[in-house]
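File shown: run.pdb. Contents: PDB, C-alpha atoms.
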ATOM      1  CA  MET P  66      44.631   2.136 -38.162  1.00  0.00           C
ATOM      2  CA  LEU P  67      44.491   0.336 -34.833  1.00  0.00           C
ATOM      3  CA  LYS P  68      47.924  -0.597 -33.541  1.00  0.00           C
ATOM      4  CA  ALA P  69      47.545  -1.001 -29.764  1.00  0.00           C
ATOM      5  CA  ILE P  70      44.936  -1.999 -27.212  1.00  0.00           C
ATOM      6  CA  ILE P  71      45.307  -0.457 -23.758  1.00  0.00           C
ATOM      7  CA  PHE P  72      43.356  -2.161 -21.019  1.00  0.00           C
ATOM      8  CA  ASP P  73      42.113  -0.792 -17.757  1.00  0.00           C
ATOM      9  CA  PHE P  74      42.510  -3.523 -15.149  1.00  0.00           C
ATOM     10  CA  ASP P  75      39.871  -3.557 -12.395  1.00  0.00           C
ATOM     11  CA  GLY P  76      36.496  -4.237 -13.967  1.00  0.00           C
ATOM     12  CA  VAL P  77      37.997  -5.032 -17.381  1.00  0.00           C
ATOM     13  CA  LEU P  78      40.475  -7.877 -16.965  1.00  0.00           C
ATOM     14  CA  ALA P  79      39.940  -8.640 -13.294  1.00  0.00           C
ATOM     15  CA  ASP P  80      36.707  -8.858 -11.313  1.00  0.00           C
ATOM     16  CA  THR P  81      38.182  -6.925  -8.405  1.00  0.00           C
ATOM     17  CA  GLU P  82      35.802  -3.986  -7.958  1.00  0.00           C
ATOM     18  CA  PRO P  83      33.678  -5.731  -5.259  1.00  0.00           C
ATOM     19  CA  LEU P  84      36.875  -6.582  -3.393  1.00  0.00           C
ATOM     20  CA  HIS P  85      38.175  -3.022  -3.666  1.00  0.00           C
ATOM     21  CA  PHE P  86      34.873  -1.781  -2.256  1.00  0.00           C
ATOM     22  CA  ARG P  87      35.068  -4.100   0.761  1.00  0.00           C
ATOM     23  CA  MET P  88      38.681  -3.127   1.431  1.00  0.00           C
ATOM     24  CA  PHE P  89      37.922   0.616   1.176  1.00  0.00           C
ATOM     25  CA  GLN P  90      34.949   0.101   3.465  1.00  0.00           C
ATOM     26  CA  GLN P  91      37.028  -1.819   6.022  1.00  0.00           C
ATOM     27  CA  VAL P  92      39.809   0.775   6.143  1.00  0.00           C
ATOM     28  CA  LEU P  93      37.394   3.702   6.349  1.00  0.00           C
ATOM     29  CA  GLN P  94      35.419   2.036   9.131  1.00  0.00           C
ATOM     30  CA  GLY P  95      38.657   2.097  11.088  1.00  0.00           C
ATOM     31  CA  GLU P  96      38.598   5.864  10.661  1.00  0.00           C
ATOM     32  CA  GLY P  97      34.984   6.078  11.786  1.00  0.00           C
ATOM     33  CA  LEU P  98      33.748   6.838   8.273  1.00  0.00           C
ATOM     34  CA  PRO P  99      30.942   5.037   6.425  1.00  0.00           C
ATOM     35  CA  LEU P 100      31.121   3.917   2.810  1.00  0.00           C
ATOM     36  CA  SER P 101      27.996   2.424   1.282  1.00  0.00           C
ATOM     37  CA  GLU P 102      28.028   0.238  -1.807  1.00  0.00           C
ATOM     38  CA  HIS P 103      25.778   2.771  -3.539  1.00  0.00           C
ATOM     39  CA  ASP P 104      28.156   5.657  -2.848  1.00  0.00           C
ATOM     40  CA  TYR P 105      31.182   3.653  -3.965  1.00  0.00           C
ATOM     41  CA  TYR P 106      29.710   2.732  -7.348  1.00  0.00           C
ATOM     42  CA  GLU P 107      28.042   6.112  -7.894  1.00  0.00           C
ATOM     43  CA  LYS P 108      30.797   8.453  -6.743  1.00  0.00           C
ATOM     44  CA  TYR P 109      34.166   6.803  -6.388  1.00  0.00           C
ATOM     45  CA  ILE P 110      34.537   3.929  -8.818  1.00  0.00           C
ATOM     46  CA  GLY P 111      37.252   4.749 -11.331  1.00  0.00           C
ATOM     47  CA  PHE P 112      39.387   6.642  -8.814  1.00  0.00           C
ATOM     48  CA  ASP P 113      42.711   5.172  -7.757  1.00  0.00           C
ATOM     49  CA  ASP P 114      43.266   4.500  -4.048  1.00  0.00           C
ATOM     50  CA  ARG P 115      44.617   7.968  -3.362  1.00  0.00           C
ATOM     51  CA  GLY P 116      41.773   9.639  -5.195  1.00  0.00           C
ATOM     52  CA  CYS P 117      39.099   7.591  -3.459  1.00  0.00           C
ATOM     53  CA  PHE P 118      40.423   8.172   0.035  1.00  0.00           C
ATOM     54  CA  HIS P 119      40.914  11.874  -0.668  1.00  0.00           C
ATOM     55  CA  ALA P 120      37.362  12.226  -1.973  1.00  0.00           C
ATOM     56  CA  VAL P 121      35.757  10.394   0.959  1.00  0.00           C
ATOM     57  CA  LEU P 122      37.780  12.236   3.600  1.00  0.00           C
ATOM     58  CA  SER P 123      37.090  15.607   1.988  1.00  0.00           C
ATOM     59  CA  GLU P 124      33.378  14.893   1.708  1.00  0.00           C
ATOM     60  CA  HIS P 125      33.243  14.262   5.461  1.00  0.00           C
ATOM     61  CA  GLY P 126      35.378  17.287   6.341  1.00  0.00           C
ATOM     62  CA  ARG P 127      38.288  15.146   7.510  1.00  0.00           C
ATOM     63  CA  ASP P 128      42.025  15.601   7.169  1.00  0.00           C
ATOM     64  CA  ALA P 129      43.095  14.675   3.635  1.00  0.00           C
ATOM     65  CA  ALA P 130      46.772  15.568   3.974  1.00  0.00           C
ATOM     66  CA  PRO P 131      49.221  13.509   1.867  1.00  0.00           C
ATOM     67  CA  GLU P 132      50.540  11.660   4.914  1.00  0.00           C
ATOM     68  CA  THR P 133      47.024  10.660   5.912  1.00  0.00           C
ATOM     69  CA  ILE P 134      46.239   9.420   2.412  1.00  0.00           C
ATOM     70  CA  HIS P 135      49.510   7.482   2.297  1.00  0.00           C
ATOM     71  CA  ARG P 136      48.710   5.753   5.600  1.00  0.00           C
ATOM     72  CA  LEU P 137      45.283   4.666   4.385  1.00  0.00           C
ATOM     73  CA  VAL P 138      46.613   3.464   1.024  1.00  0.00           C
ATOM     74  CA  GLU P 139      49.235   1.370   2.791  1.00  0.00           C
ATOM     75  CA  ARG P 140      46.624  -0.125   5.108  1.00  0.00           C
ATOM     76  CA  LYS P 141      44.330  -1.035   2.226  1.00  0.00           C
ATOM     77  CA  ALA P 142      47.206  -2.612   0.274  1.00  0.00           C
ATOM     78  CA  ALA P 143      48.036  -4.801   3.255  1.00  0.00           C
ATOM     79  CA  VAL P 144      44.511  -6.156   3.728  1.00  0.00           C
ATOM     80  CA  MET P 145      44.053  -6.551  -0.039  1.00  0.00           C
ATOM     81  CA  LEU P 146      47.147  -8.703  -0.389  1.00  0.00           C
ATOM     82  CA  GLY P 147      45.738 -11.621   1.571  1.00  0.00           C
ATOM     83  CA  HIS P 148      42.684 -11.852  -0.660  1.00  0.00           C
ATOM     84  CA  LEU P 149      44.643 -11.683  -3.904  1.00  0.00           C
ATOM     85  CA  THR P 150      46.718 -14.713  -2.983  1.00  0.00           C
ATOM     86  CA  THR P 151      43.706 -16.941  -2.390  1.00  0.00           C
ATOM     87  CA  THR P 152      41.127 -15.943  -5.030  1.00  0.00           C
ATOM     88  CA  ARG P 153      41.111 -16.162  -8.845  1.00  0.00           C
ATOM     89  CA  MET P 154      40.133 -12.716 -10.066  1.00  0.00           C
ATOM     90  CA  VAL P 155      40.329 -12.778 -13.875  1.00  0.00           C
ATOM     91  CA  TYR P 156      37.039 -12.535 -15.775  1.00  0.00           C
ATOM     92  CA  PRO P 157      35.954 -15.513 -17.880  1.00  0.00           C
ATOM     93  CA  GLY P 158      37.147 -14.948 -21.433  1.00  0.00           C
ATOM     94  CA  ALA P 159      39.738 -12.321 -20.511  1.00  0.00           C
ATOM     95  CA  VAL P 160      42.739 -14.597 -21.012  1.00  0.00           C
ATOM     96  CA  GLU P 161      41.407 -15.811 -24.350  1.00  0.00           C
ATOM     97  CA  PHE P 162      40.682 -12.275 -25.582  1.00  0.00           C
ATOM     98  CA  VAL P 163      44.157 -11.020 -24.709  1.00  0.00           C
ATOM     99  CA  LYS P 164      45.909 -13.982 -26.279  1.00  0.00           C
ATOM    100  CA  ASN P 165      43.751 -13.775 -29.431  1.00  0.00           C
ATOM    101  CA  VAL P 166      44.802 -10.162 -30.087  1.00  0.00           C
ATOM    102  CA  ALA P 167      48.439 -10.770 -29.199  1.00  0.00           C
ATOM    103  CA  GLY P 168      49.603 -11.399 -32.744  1.00  0.00           C
ATOM    104  CA  ARG P 169      47.885  -8.320 -34.192  1.00  0.00           C
ATOM    105  CA  TYR P 170      48.079  -5.496 -31.663  1.00  0.00           C
ATOM    106  CA  ARG P 171      50.445  -4.198 -29.037  1.00  0.00           C
ATOM    107  CA  ARG P 172      49.062  -4.461 -25.523  1.00  0.00           C
ATOM    108  CA  ALA P 173      49.416  -2.377 -22.366  1.00  0.00           C
ATOM    109  CA  ILE P 174      47.600  -1.808 -19.077  1.00  0.00           C
ATOM    110  CA  VAL P 175      46.734   1.516 -17.453  1.00  0.00           C
ATOM    111  CA  SER P 176      45.271   1.113 -13.988  1.00  0.00           C
ATOM    112  CA  GLY P 177      44.726   2.925 -10.735  1.00  0.00           C
ATOM    113  CA  ALA P 178      45.607  -0.303  -8.929  1.00  0.00           C
ATOM    114  CA  LEU P 179      48.966  -0.802  -7.273  1.00  0.00           C
ATOM    115  CA  ARG P 180      51.621  -2.539  -9.348  1.00  0.00           C
ATOM    116  CA  HIS P 181      52.059  -5.548  -7.090  1.00  0.00           C
ATOM    117  CA  GLU P 182      48.301  -6.204  -7.185  1.00  0.00           C
ATOM    118  CA  ILE P 183      48.252  -6.159 -10.993  1.00  0.00           C
ATOM    119  CA  GLU P 184      51.388  -8.281 -11.314  1.00  0.00           C
ATOM    120  CA  MET P 185      50.106 -10.881  -8.863  1.00  0.00           C
ATOM    121  CA  ILE P 186      46.771 -11.371 -10.630  1.00  0.00           C
ATOM    122  CA  LEU P 187      48.327 -11.452 -14.107  1.00  0.00           C
ATOM    123  CA  THR P 188      50.985 -13.948 -13.039  1.00  0.00           C
ATOM    124  CA  THR P 189      48.420 -16.240 -11.405  1.00  0.00           C
ATOM    125  CA  ALA P 190      46.354 -16.171 -14.614  1.00  0.00           C
ATOM    126  CA  GLY P 191      49.387 -16.797 -16.846  1.00  0.00           C
ATOM    127  CA  MET P 192      49.011 -13.400 -18.528  1.00  0.00           C
ATOM    128  CA  ARG P 193      51.978 -11.360 -17.368  1.00  0.00           C
ATOM    129  CA  ASP P 194      54.027 -11.873 -20.529  1.00  0.00           C
ATOM    130  CA  ASP P 195      51.094 -10.834 -22.721  1.00  0.00           C
ATOM    131  CA  PHE P 196      51.570  -7.132 -21.947  1.00  0.00           C
ATOM    132  CA  GLU P 197      54.337  -4.916 -23.237  1.00  0.00           C
ATOM    133  CA  HIS P 198      53.829  -2.262 -20.571  1.00  0.00           C
ATOM    134  CA  ILE P 199      51.948  -1.588 -17.328  1.00  0.00           C
ATOM    135  CA  THR P 200      51.206   1.883 -15.972  1.00  0.00           C
ATOM    136  CA  ALA P 201      50.124   1.513 -12.342  1.00  0.00           C
ATOM    137  CA  ALA P 202      49.038   3.912  -9.607  1.00  0.00           C
ATOM    138  CA  GLU P 203      52.628   4.540  -8.569  1.00  0.00           C
ATOM    139  CA  ASP P 204      53.531   5.855 -12.024  1.00  0.00           C
ATOM    140  CA  VAL P 205      51.227   8.871 -12.121  1.00  0.00           C
ATOM    141  CA  GLN P 206      50.478  11.901  -9.998  1.00  0.00           C
ATOM    142  CA  ASP P 207      46.941  12.527 -11.247  1.00  0.00           C
ATOM    143  CA  GLY P 208      44.694   9.511 -11.741  1.00  0.00           C
ATOM    144  CA  LYS P 209      41.609   9.163 -13.908  1.00  0.00           C
ATOM    145  CA  PRO P 210      39.703  11.153 -15.150  1.00  0.00           C
ATOM    146  CA  GLU P 211      42.996  12.921 -15.937  1.00  0.00           C
ATOM    147  CA  PRO P 212      44.746  11.462 -19.023  1.00  0.00           C
ATOM    148  CA  GLU P 213      48.174  11.182 -17.395  1.00  0.00           C
ATOM    149  CA  GLY P 214      48.100   7.390 -17.122  1.00  0.00           C
ATOM    150  CA  TYR P 215      47.249   6.853 -20.779  1.00  0.00           C
ATOM    151  CA  LEU P 216      49.809   9.402 -21.919  1.00  0.00           C
ATOM    152  CA  HIS P 217      52.408   7.704 -19.702  1.00  0.00           C
ATOM    153  CA  ALA P 218      51.665   4.360 -21.383  1.00  0.00           C
ATOM    154  CA  LEU P 219      51.786   5.929 -24.848  1.00  0.00           C
ATOM    155  CA  GLN P 220      55.192   7.391 -24.093  1.00  0.00           C
ATOM    156  CA  ALA P 221      56.416   3.973 -22.949  1.00  0.00           C
ATOM    157  CA  LEU P 222      55.104   2.270 -26.091  1.00  0.00           C
ATOM    158  CA  ASN P 223      56.808   4.910 -28.228  1.00  0.00           C
ATOM    159  CA  ARG P 224      60.185   4.058 -26.738  1.00  0.00           C
ATOM    160  CA  ARG P 225      60.011   0.741 -28.589  1.00  0.00           C
ATOM    161  CA  ALA P 226      58.231   1.769 -31.810  1.00  0.00           C
ATOM    162  CA  PRO P 227      56.296   4.901 -32.829  1.00  0.00           C
ATOM    163  CA  ILE P 228      52.551   4.919 -32.251  1.00  0.00           C
ATOM    164  CA  LEU P 229      49.914   7.677 -32.204  1.00  0.00           C
ATOM    165  CA  ALA P 230      47.191   8.188 -29.628  1.00  0.00           C
ATOM    166  CA  SER P 231      44.634   7.885 -32.450  1.00  0.00           C
ATOM    167  CA  GLU P 232      45.966   4.380 -33.150  1.00  0.00           C
ATOM    168  CA  CYS P 233      45.082   3.161 -29.644  1.00  0.00           C
ATOM    169  CA  LEU P 234      41.889   1.557 -28.384  1.00  0.00           C
ATOM    170  CA  VAL P 235      41.290   1.859 -24.647  1.00  0.00           C
ATOM    171  CA  ILE P 236      39.033  -0.663 -22.914  1.00  0.00           C
ATOM    172  CA  GLU P 237      37.432   0.816 -19.793  1.00  0.00           C
ATOM    173  CA  ASP P 238      34.514   0.194 -17.443  1.00  0.00           C
ATOM    174  CA  THR P 239      33.867   3.597 -15.831  1.00  0.00           C
ATOM    175  CA  PHE P 240      32.834   7.093 -16.840  1.00  0.00           C
ATOM    176  CA  PHE P 241      36.059   8.532 -15.412  1.00  0.00           C
ATOM    177  CA  GLY P 242      38.096   6.033 -17.425  1.00  0.00           C
ATOM    178  CA  ILE P 243      36.294   7.008 -20.626  1.00  0.00           C
ATOM    179  CA  GLN P 244      37.028  10.671 -19.897  1.00  0.00           C
ATOM    180  CA  ALA P 245      40.719   9.879 -19.378  1.00  0.00           C
ATOM    181  CA  ALA P 246      40.979   7.910 -22.618  1.00  0.00           C
ATOM    182  CA  HIS P 247      39.310  10.615 -24.698  1.00  0.00           C
ATOM    183  CA  ALA P 248      41.381  13.346 -23.062  1.00  0.00           C
ATOM    184  CA  ALA P 249      44.467  11.402 -24.161  1.00  0.00           C
ATOM    185  CA  GLY P 250      43.173  11.393 -27.753  1.00  0.00           C
ATOM    186  CA  MET P 251      42.303   7.690 -27.806  1.00  0.00           C
ATOM    187  CA  ARG P 252      39.126   5.846 -28.786  1.00  0.00           C
ATOM    188  CA  CYS P 253      37.365   3.918 -26.041  1.00  0.00           C
ATOM    189  CA  LEU P 254      35.360   0.709 -25.778  1.00  0.00           C
ATOM    190  CA  ALA P 255      33.426   0.491 -22.505  1.00  0.00           C
ATOM    191  CA  LEU P 256      32.434  -2.731 -20.751  1.00  0.00           C
ATOM    192  CA  SER P 257      29.266  -2.647 -18.657  1.00  0.00           C
ATOM    193  CA  THR P 258      30.771  -4.953 -16.029  1.00  0.00           C
ATOM    194  CA  THR P 259      30.539  -2.467 -13.153  1.00  0.00           C
ATOM    195  CA  SER P 260      28.419   0.411 -14.491  1.00  0.00           C
ATOM    196  CA  PRO P 261      25.132   0.299 -16.430  1.00  0.00           C
ATOM    197  CA  PRO P 262      25.390   0.997 -20.184  1.00  0.00           C
ATOM    198  CA  ASP P 263      23.634   4.385 -19.923  1.00  0.00           C
ATOM    199  CA  ARG P 264      26.466   5.700 -17.740  1.00  0.00           C
ATOM    200  CA  LEU P 265      28.984   4.654 -20.396  1.00  0.00           C
ATOM    201  CA  ARG P 266      27.322   6.256 -23.409  1.00  0.00           C
ATOM    202  CA  THR P 267      30.178   8.724 -23.958  1.00  0.00           C
ATOM    203  CA  ALA P 268      32.378   5.804 -25.037  1.00  0.00           C
ATOM    204  CA  ASP P 269      32.842   5.099 -28.749  1.00  0.00           C
ATOM    205  CA  ALA P 270      31.225   1.701 -28.206  1.00  0.00           C
ATOM    206  CA  VAL P 271      29.763  -0.280 -25.317  1.00  0.00           C
ATOM    207  CA  THR P 272      29.583  -4.036 -24.821  1.00  0.00           C
ATOM    208  CA  ALA P 273      28.746  -6.291 -21.891  1.00  0.00           C
ATOM    209  CA  THR P 274      32.031  -8.197 -21.540  1.00  0.00           C
ATOM    210  CA  LEU P 275      35.183  -9.036 -23.463  1.00  0.00           C
ATOM    211  CA  GLN P 276      33.534 -12.329 -24.394  1.00  0.00           C
ATOM    212  CA  ASP P 277      30.795 -10.377 -26.187  1.00  0.00           C
ATOM    213  CA  CYS P 278      33.159  -8.041 -28.028  1.00  0.00           C
ATOM    214  CA  ASP P 279      33.206  -8.230 -31.832  1.00  0.00           C
ATOM    215  CA  LEU P 280      36.583  -6.576 -32.191  1.00  0.00           C
ATOM    216  CA  ALA P 281      36.797  -6.942 -35.964  1.00  0.00           C
ATOM    217  CA  SER P 282      33.519  -5.077 -36.483  1.00  0.00           C
ATOM    218  CA  LEU P 283      34.552  -2.396 -34.000  1.00  0.00           C
ATOM    219  CA  VAL P 284      37.862  -1.836 -35.763  1.00  0.00           C
ATOM    220  CA  ARG P 285      36.138  -1.532 -39.129  1.00  0.00           C
ATOM    221  CA  ARG P 286      33.703   1.016 -37.726  1.00  0.00           C
ATOM    222  CA  LEU P 287      36.225   3.186 -35.889  1.00  0.00           C
ATOM    223  CA  TRP P 288      39.256   2.999 -38.208  1.00  0.00           C
ATOM    224  CA  THR P 289      37.847   2.837 -41.737  1.00  0.00           C
TER     225      THR P 289
END
Output the file's structure as structure tokens, nothing else.
Amino acid sequence: MLKAIIFDFDGVLADTEPLHFRMFQQVLQGEGLPLSEHDYYEKYIGFDDRGCFHAVLSEHGRDAAPETIHRLVERKAAVMLGHLTTTRMVYPGAVEFVKNVAGRYRRAIVSGALRHEIEMILTTAGMRDDFEHITAAEDVQDGKPEPEGYLHALQALNRRAPILASECLVIEDTFFGIQAAHAAGMRCLALSTTSPPDRLRTADAVTATLQDCDLASLVRRLWT
């Protein structure tokens, strides 16, 4: 039985992946390192900020010490903030989808984004009160594809009322996110908003957007 829907954030609720790419690219250019759009979407999408910077630095044989990563994450957060305050980021149909499921399922977010970024976008869209819990980048040590974020959210949901991993549907948009959801013992619906459907085929189901999702049919197929 489905009891909770756990949403990834970037690429699922908010159309922020292109912005994240530009901000990563800007910060890395300051370090004398290139980041192409192709490489970002092929290699690094799905990583949190720490994971992305670590992967790029390591690939180029550069210092990836924790203090270096922290400095780059802080720099990216600063340049990102200005854009978040001036641009509406939520996908069309996202608000309606979340509010339509509010009376039937518990709702949480698990994201590699920083908490203040998530909170700002949700508040601007009038969605902050629609989520029982948010697990952000600051809450986990190991980001996706590790399951820590989803297990962290499950533990938080269980503090209010018992729920099993098998009773959760994760909505993701990347291969790494699908891996994390399955490793946590949860079913996964993938949205092809940032990756082509063939790269998401390990998900339990794939759809184009939340607007195109037939949730009732999906629930019948996966839980009956």
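Residue membership of the PyMOL selection byres ((chain P and resi 186) around 9) in the shown file amounts to Ala79, Leu149, Thr150, Arg153, Met154, Val155, His181, Glu182, Ile183, Glu184, Met185, Leu187, Thr188, Thr189, Ala190, Gly191, Met192 and Arg193 of chain P.
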If you keep C-alpha atoms, can you produce a file of those selected residues as a short mmCIF file (atom, residue, chain, number, x, y, z; two decimals), keeping the file's coordinate frame?
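What landed in part.cif:
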data_model
loop_
_atom_site.label_atom_id
_atom_site.label_comp_id
_atom_site.auth_asym_id
_atom_site.auth_seq_id
_atom_site.Cartn_x
_atom_site.Cartn_y
_atom_site.Cartn_z
CA ALA P 79 39.94 -8.64 -13.29
CA LEU P 149 44.64 -11.68 -3.90
CA THR P 150 46.72 -14.71 -2.98
CA ARG P 153 41.11 -16.16 -8.85
CA MET P 154 40.13 -12.72 -10.07
CA VAL P 155 40.33 -12.78 -13.88
CA HIS P 181 52.06 -5.55 -7.09
CA GLU P 182 48.30 -6.20 -7.18
CA ILE P 183 48.25 -6.16 -10.99
CA GLU P 184 51.39 -8.28 -11.31
CA MET P 185 50.11 -10.88 -8.86
CA LEU P 187 48.33 -11.45 -14.11
CA THR P 188 50.98 -13.95 -13.04
CA THR P 189 48.42 -16.24 -11.40
CA ALA P 190 46.35 -16.17 -14.61
CA GLY P 191 49.39 -16.80 -16.85
CA MET P 192 49.01 -13.40 -18.53
CA ARG P 193 51.98 -11.36 -17.37
#
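With all atoms listed in the file as the atoms that count, the residue of P:Ala69, P:Ala201, P:Ala218, P:Ile243 with the shortest distance to Gly177 of chain P is P:Ala201.
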Exercise for review: For each of P:His247, P:Lys141, P:Lys164, P:His135, take the minimum atom-to-atom distance to Gln94 of chain P, counting only C-alpha atoms, then give the residue where this is smallest.
Suggested key: P:Lys141
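Remark: for Lys108 of chain P, the closest of the candidate residues P:Arg225, P:Val92, P:Ala129, P:Phe240 is P:Phe240 (distances computed over only C-alpha atoms).
Between atom CA of Ser260 of chain P and atom CA of Arg286 of chain P the interatomic distance comes to 23.8 Å.
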Exercise for review: Considering all atoms listed in the file, return as a VMD selection string whatever protein or nucleic-acid residues lie within 7 Å of segment 206-215 of chain P, sequence-local ones (same chain, fewer than 3 positions apart) excluded.
Suggested key: chain P and resid 111 to 113 175 177 200 218 to 219 241 to 242 244 to 246 248 to 249
What are the centre and edge lengths in Å, to one decimal, of the axis-aligned box around all listed atoms of segment 165-169 of chain P with 6 Å added on each side, as AutoDock Vina command-line options?
--center_x 46.7 --center_y -11.0 --center_z -31.7 --size_x 17.9 --size_y 17.5 --size_z 17.0
I'd like the contact shell of Gly168 of chain P - 12 Å cut-off, only C-alpha atoms, skipping same-chain residues fewer than 6 positions apart - returned as an mmCIF file with C-alpha atoms, in the frame of the given file.
data_model
loop_
_atom_site.group_PDB
_atom_site.id
_atom_site.type_symbol
_atom_site.label_atom_id
_atom_site.label_comp_id
_atom_site.auth_asym_id
_atom_site.auth_seq_id
_atom_site.Cartn_x
_atom_site.Cartn_y
_atom_site.Cartn_z
ATOM 1 C CA LYS P 68 47.924 -0.597 -33.541
ATOM 2 C CA ALA P 69 47.545 -1.001 -29.764
ATOM 3 C CA ILE P 70 44.936 -1.999 -27.212
ATOM 4 C CA PHE P 162 40.682 -12.275 -25.582
ATOM 5 C CA ASP P 195 51.094 -10.834 -22.721
ATOM 6 C CA PHE P 196 51.570 -7.132 -21.947
#
Could you write out as a PDB file with C-alpha atoms, in the coordinates of the input the residues that the PyMOL selection byres ((chain P and resi 121-126) around 12) matches in the shown file?
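Okay, this is what ended up in selection17.pdb:
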ATOM      1  CA  PHE P  89      37.922   0.616   1.176  1.00  0.00           C
ATOM      2  CA  GLN P  90      34.949   0.101   3.465  1.00  0.00           C
ATOM      3  CA  VAL P  92      39.809   0.775   6.143  1.00  0.00           C
ATOM      4  CA  LEU P  93      37.394   3.702   6.349  1.00  0.00           C
ATOM      5  CA  GLN P  94      35.419   2.036   9.131  1.00  0.00           C
ATOM      6  CA  GLU P  96      38.598   5.864  10.661  1.00  0.00           C
ATOM      7  CA  GLY P  97      34.984   6.078  11.786  1.00  0.00           C
ATOM      8  CA  LEU P  98      33.748   6.838   8.273  1.00  0.00           C
ATOM      9  CA  PRO P  99      30.942   5.037   6.425  1.00  0.00           C
ATOM     10  CA  LEU P 100      31.121   3.917   2.810  1.00  0.00           C
ATOM     11  CA  SER P 101      27.996   2.424   1.282  1.00  0.00           C
ATOM     12  CA  ASP P 104      28.156   5.657  -2.848  1.00  0.00           C
ATOM     13  CA  TYR P 105      31.182   3.653  -3.965  1.00  0.00           C
ATOM     14  CA  LYS P 108      30.797   8.453  -6.743  1.00  0.00           C
ATOM     15  CA  TYR P 109      34.166   6.803  -6.388  1.00  0.00           C
ATOM     16  CA  ILE P 110      34.537   3.929  -8.818  1.00  0.00           C
ATOM     17  CA  PHE P 112      39.387   6.642  -8.814  1.00  0.00           C
ATOM     18  CA  ASP P 114      43.266   4.500  -4.048  1.00  0.00           C
ATOM     19  CA  ARG P 115      44.617   7.968  -3.362  1.00  0.00           C
ATOM     20  CA  GLY P 116      41.773   9.639  -5.195  1.00  0.00           C
ATOM     21  CA  CYS P 117      39.099   7.591  -3.459  1.00  0.00           C
ATOM     22  CA  PHE P 118      40.423   8.172   0.035  1.00  0.00           C
ATOM     23  CA  HIS P 119      40.914  11.874  -0.668  1.00  0.00           C
ATOM     24  CA  ALA P 120      37.362  12.226  -1.973  1.00  0.00           C
ATOM     25  CA  ARG P 127      38.288  15.146   7.510  1.00  0.00           C
ATOM     26  CA  ASP P 128      42.025  15.601   7.169  1.00  0.00           C
ATOM     27  CA  ALA P 129      43.095  14.675   3.635  1.00  0.00           C
ATOM     28  CA  ALA P 130      46.772  15.568   3.974  1.00  0.00           C
ATOM     29  CA  PRO P 131      49.221  13.509   1.867  1.00  0.00           C
ATOM     30  CA  THR P 133      47.024  10.660   5.912  1.00  0.00           C
ATOM     31  CA  ILE P 134      46.239   9.420   2.412  1.00  0.00           C
ATOM     32  CA  LEU P 137      45.283   4.666   4.385  1.00  0.00           C
TER      33      LEU P 137
END
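Computed from the coordinates, the atom CA of Ile174 of chain P to atom CA of Val77 of chain P distance equals 10.3 Å.
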